[in-house]
>>> print(open('query-v7.pdb').read())   # PDB, C-alpha atoms
ATOM      1  CA  MET Z   1       0.000   0.000   0.000
ATOM      2  CA  TYR Z   2       1.423   3.368  -1.041
ATOM      3  CA  VAL Z   3       1.266   6.079   1.612
ATOM      4  CA  PRO Z   4       2.163   9.555   0.370
ATOM      5  CA  PRO Z   5       5.230  10.856   2.242
ATOM      6  CA  ILE Z   6       3.412  14.051   3.133
ATOM      7  CA  ALA Z   7       1.103  12.019   5.414
ATOM      8  CA  GLY Z   8       3.983  11.430   7.816
ATOM      9  CA  PHE Z   9       4.769  15.125   7.914
ATOM     10  CA  ALA Z  10       1.111  15.989   8.484
ATOM     11  CA  GLY Z  11       0.976  13.708  11.514
ATOM     12  CA  LEU Z  12       4.213  15.153  12.878
ATOM     13  CA  ALA Z  13       2.987  18.693  12.331
ATOM     14  CA  ILE Z  14      -0.285  18.080  14.170
ATOM     15  CA  VAL Z  15       1.325  16.444  17.177
ATOM     16  CA  SER Z  16       4.155  19.012  17.261
ATOM     17  CA  ALA Z  17       1.608  21.824  17.215
ATOM     18  CA  LEU Z  18      -0.177  20.241  20.193
ATOM     19  CA  ILE Z  19       3.061  20.031  22.135
ATOM     20  CA  LEU Z  20       4.043  23.625  21.298
ATOM     21  CA  ALA Z  21       0.575  24.808  22.322
ATOM     22  CA  GLY Z  22       1.013  23.170  25.703
ATOM     23  CA  LEU Z  23      -1.746  20.648  25.046
ATOM     24  CA  GLY Z  24       0.644  17.751  24.603
ATOM     25  CA  SER Z  25       1.605  15.141  27.131
ATOM     26  CA  ARG Z  26       3.992  12.261  27.374
ATOM     27  CA  ILE Z  27       1.716  10.323  25.019
ATOM     28  CA  ALA Z  28       2.044  13.024  22.369
ATOM     29  CA  LEU Z  29       5.824  12.914  22.727
ATOM     30  CA  VAL Z  30       5.766   9.147  22.203
ATOM     31  CA  VAL Z  31       3.592   9.619  19.104
ATOM     32  CA  VAL Z  32       6.064  12.190  17.725
ATOM     33  CA  ARG Z  33       8.941   9.775  18.303
ATOM     34  CA  ILE Z  34       7.038   6.990  16.518
ATOM     35  CA  PHE Z  35       6.346   9.268  13.535
ATOM     36  CA  ALA Z  36       9.994  10.391  13.482
ATOM     37  CA  TRP Z  37      11.288   6.816  13.500
ATOM     38  CA  ALA Z  38       8.710   5.812  10.898
ATOM     39  CA  TRP Z  39       9.802   8.654   8.638
ATOM     40  CA  ALA Z  40      13.471   7.845   9.197
ATOM     41  CA  LEU Z  41      12.899   4.219   8.237
ATOM     42  CA  LEU Z  42      10.489   4.913   5.375
ATOM     43  CA  ALA Z  43      12.380   7.770   3.745
ATOM     44  CA  GLY Z  44      15.917   7.097   4.915
ATOM     45  CA  VAL Z  45      16.085   3.382   4.253
ATOM     46  CA  GLY Z  46      13.794   3.670   1.220
ATOM     47  CA  GLY Z  47      16.041   6.337  -0.295
ATOM     48  CA  LEU Z  48      19.137   4.233   0.360
ATOM     49  CA  VAL Z  49      17.531   1.166  -1.229
ATOM     50  CA  LEU Z  50      16.510   3.255  -4.236
ATOM     51  CA  LEU Z  51      20.085   4.543  -4.575
ATOM     52  CA  ILE Z  52      21.474   1.015  -4.423
ATOM     53  CA  HIS Z  53      18.897  -0.314  -6.887
ATOM     54  CA  GLU Z  54      18.772   2.561  -9.416
ATOM     55  CA  GLY Z  55      22.206   4.191  -8.968
ATOM     56  CA  PRO Z  56      23.163   7.692  -7.835
ATOM     57  CA  LEU Z  57      21.996   9.591 -10.915
ATOM     58  CA  PRO Z  58      19.819  11.511 -11.555
ATOM     59  CA  ILE Z  59      20.042  13.477  -8.325
ATOM     60  CA  THR Z  60      16.385  12.695  -7.583
ATOM     61  CA  ASN Z  61      17.081   8.935  -7.258
ATOM     62  CA  GLY Z  62      16.706   8.747  -3.493
ATOM     63  CA  TRP Z  63      19.214  11.287  -2.205
ATOM     64  CA  PHE Z  64      16.567  13.707  -0.934
ATOM     65  CA  ALA Z  65      14.520  10.932   0.665
ATOM     66  CA  MET Z  66      17.558   9.467   2.382
ATOM     67  CA  PHE Z  67      18.756  12.798   3.765
ATOM     68  CA  SER Z  68      15.227  13.735   4.827
ATOM     69  CA  GLY Z  69      15.030  10.463   6.752
ATOM     70  CA  ILE Z  70      18.420  11.049   8.359
ATOM     71  CA  ALA Z  71      17.369  14.565   9.374
ATOM     72  CA  ALA Z  72      14.113  13.314  10.927
ATOM     73  CA  CYS Z  73      15.717  10.400  12.771
ATOM     74  CA  PRO Z  74      15.801  10.841  16.572
ATOM     75  CA  LEU Z  75      19.169   9.073  16.592
ATOM     76  CA  THR Z  76      20.680  12.032  14.684
ATOM     77  CA  ALA Z  77      19.957  14.387  17.599
ATOM     78  CA  THR Z  78      21.211  11.858  20.158
ATOM     79  CA  ILE Z  79      24.496  11.300  18.322
ATOM     80  CA  SER Z  80      25.077  15.026  17.746
ATOM     81  CA  LYS Z  81      24.436  15.726  21.440
ATOM     82  CA  LYS Z  82      26.699  12.912  22.625
ATOM     83  CA  TYR Z  83      29.664  13.370  20.287
ATOM     84  CA  ALA Z  84      29.486  16.965  18.999
ATOM     85  CA  HIS Z  85      27.916  18.451  22.174
ATOM     86  CA  VAL Z  86      25.285  20.169  20.031
ATOM     87  CA  THR Z  87      21.635  19.972  21.056
ATOM     88  CA  ILE Z  88      19.177  19.898  18.163
ATOM     89  CA  PRO Z  89      15.552  20.620  19.118
ATOM     90  CA  GLY Z  90      12.901  18.338  17.655
ATOM     91  CA  TYR Z  91      11.172  21.130  15.771
ATOM     92  CA  VAL Z  92      14.455  21.996  14.021
ATOM     93  CA  GLN Z  93      14.847  18.373  12.952
ATOM     94  CA  PHE Z  94      11.283  18.395  11.654
ATOM     95  CA  LEU Z  95      11.801  21.635   9.701
ATOM     96  CA  VAL Z  96      15.086  20.450   8.180
ATOM     97  CA  ALA Z  97      13.523  17.136   7.139
ATOM     98  CA  LEU Z  98      10.534  18.974   5.671
ATOM     99  CA  LEU Z  99      12.752  21.423   3.752
ATOM    100  CA  ILE Z 100      14.835  18.565   2.328
ATOM    101  CA  PHE Z 101      11.622  16.794   1.327
ATOM    102  CA  ILE Z 102      10.302  19.936  -0.420
ATOM    103  CA  ALA Z 103      13.676  20.464  -2.132
ATOM    104  CA  GLY Z 104      13.429  16.904  -3.462
ATOM    105  CA  ARG Z 105       9.957  17.509  -4.844
ATOM    106  CA  ILE Z 106      11.187  20.726  -6.499
ATOM    107  CA  ALA Z 107      14.127  18.799  -7.997
ATOM    108  CA  VAL Z 108      11.733  16.176  -9.377
ATOM    109  CA  ALA Z 109       9.611  18.920 -10.947
ATOM    110  CA  VAL Z 110      12.599  20.763 -12.435
ATOM    111  CA  VAL Z 111      14.936  17.918 -13.429
ATOM    112  CA  LEU Z 112      12.425  15.247 -14.445
ATOM    113  CA  HIS Z 113       9.647  17.602 -15.623
ATOM    114  CA  ARG Z 114       7.039  15.875 -13.474
ATOM    115  CA  PRO Z 115       4.342  17.532 -11.371
ATOM    116  CA  PHE Z 116       5.339  18.839  -7.923
ATOM    117  CA  LEU Z 117       2.673  16.694  -6.254
ATOM    118  CA  PRO Z 118       2.013  13.282  -7.780
ATOM    119  CA  HIS Z 119      -1.529  13.005  -9.062
ATOM    120  CA  CYS Z 120      -3.626  10.017  -9.852
ATOM    121  CA  GLU Z 121      -6.101   9.532 -12.665
ATOM    122  CA  GLY Z 122      -8.357   6.500 -12.578
ATOM    123  CA  LYS Z 123      -6.876   3.405 -10.966
ATOM    124  CA  CYS Z 124      -4.891   5.057  -8.181
ATOM    125  CA  TRP Z 125      -4.295   1.970  -6.081
ATOM    126  CA  SER Z 126      -3.486  -0.549  -8.806
ATOM    127  CA  THR Z 127      -0.115  -2.303  -8.809
ATOM    128  CA  ALA Z 128       1.059  -0.447 -11.916
ATOM    129  CA  SER Z 129       0.267   2.988 -10.482
ATOM    130  CA  LEU Z 130       1.990   2.107  -7.202
ATOM    131  CA  ARG Z 131       5.067   1.033  -9.104
ATOM    132  CA  ASP Z 132       5.010   4.308 -11.060
ATOM    133  CA  ALA Z 133       4.502   6.319  -7.854
ATOM    134  CA  ALA Z 134       7.610   4.723  -6.359
ATOM    135  CA  THR Z 135       9.722   6.215  -9.151
ATOM    136  CA  TYR Z 136       8.754   9.787  -8.275
TER     137      TYR Z 136
END
>>> encode(input="query-v7.pdb", output="structure tokens")
Amino acid sequence: MYVPPIAGFAGLAIVSALILAGLGSRIALVVVRIFAWAWALLAGVGGLVLLIHEGPLPITNGWFAMFSGIAACPLTATISKKYAHVTIPGYVQFLVALLIFIAGRIAVAVVLHRPFLPHCEGKCWSTASLRDAATY
């Protein structure tokens, strides 16, 4: 089943907004961590697999997804705090991952001449359309 990458960011944005508004709790923090790890695994590992399978060129072949996943990964903040003594707030990680994601979509639109947001006409959830969506 294909889940648009923006869905992960939407969930993170909603829960992050609750926490920033003071309405969050420990449960909301756990949900944010789950979304962050999910995005790191989905985008980061997915981008790496795409790079291994398709090769490094064109630049849209997984680089942006991989770096977006690395930026969103909670382990990135932990490692930077432990070894570089630099604390990275969660909202900064989220914004960096989101900006890398948007830069990737812009690169797809400019380099590959495809639409900024993938659209579906007709059989959106068929195997062929899912395979085509994976190449965006």
>>> closest_residue(input="query-v7.pdb", among="Z:His113, Z:His119, Z:His85, Z:Arg105", to="Ser68 (chain Z)", atoms="all atoms listed in the file")
Z:Arg105
>>> resolve_selection(input="query-v7.pdb", expression="the PyMOL selection byres ((chain Z and resi 37) around 12)", output="PyMOL selection string")
chain Z and resi 8-9+12+30-36+38-45+68-76+94
>>> resolve_selection(input="query-v7.pdb", expression="the PyMOL selection byres ((chain Z and resi 48-63) around 8)", output="VMD selection string")
chain Z and resid 44 to 47 64 to 67 104 107 to 108 111
>>> atom_distance(input="query-v7.pdb", atom1="CA of Ala77 (chain Z)", atom2="CA of Leu98 (chain Z)")
15.9 Å
>>> atom_distance(input="query-v7.pdb", atom1="CA of Gln93 (chain Z)", atom2="CA of Lys81 (chain Z)")
13.1 Å
>>> atom_distance(input="query-v7.pdb", atom1="CA of Ala97 (chain Z)", atom2="CA of Ile79 (chain Z)")
16.7 Å
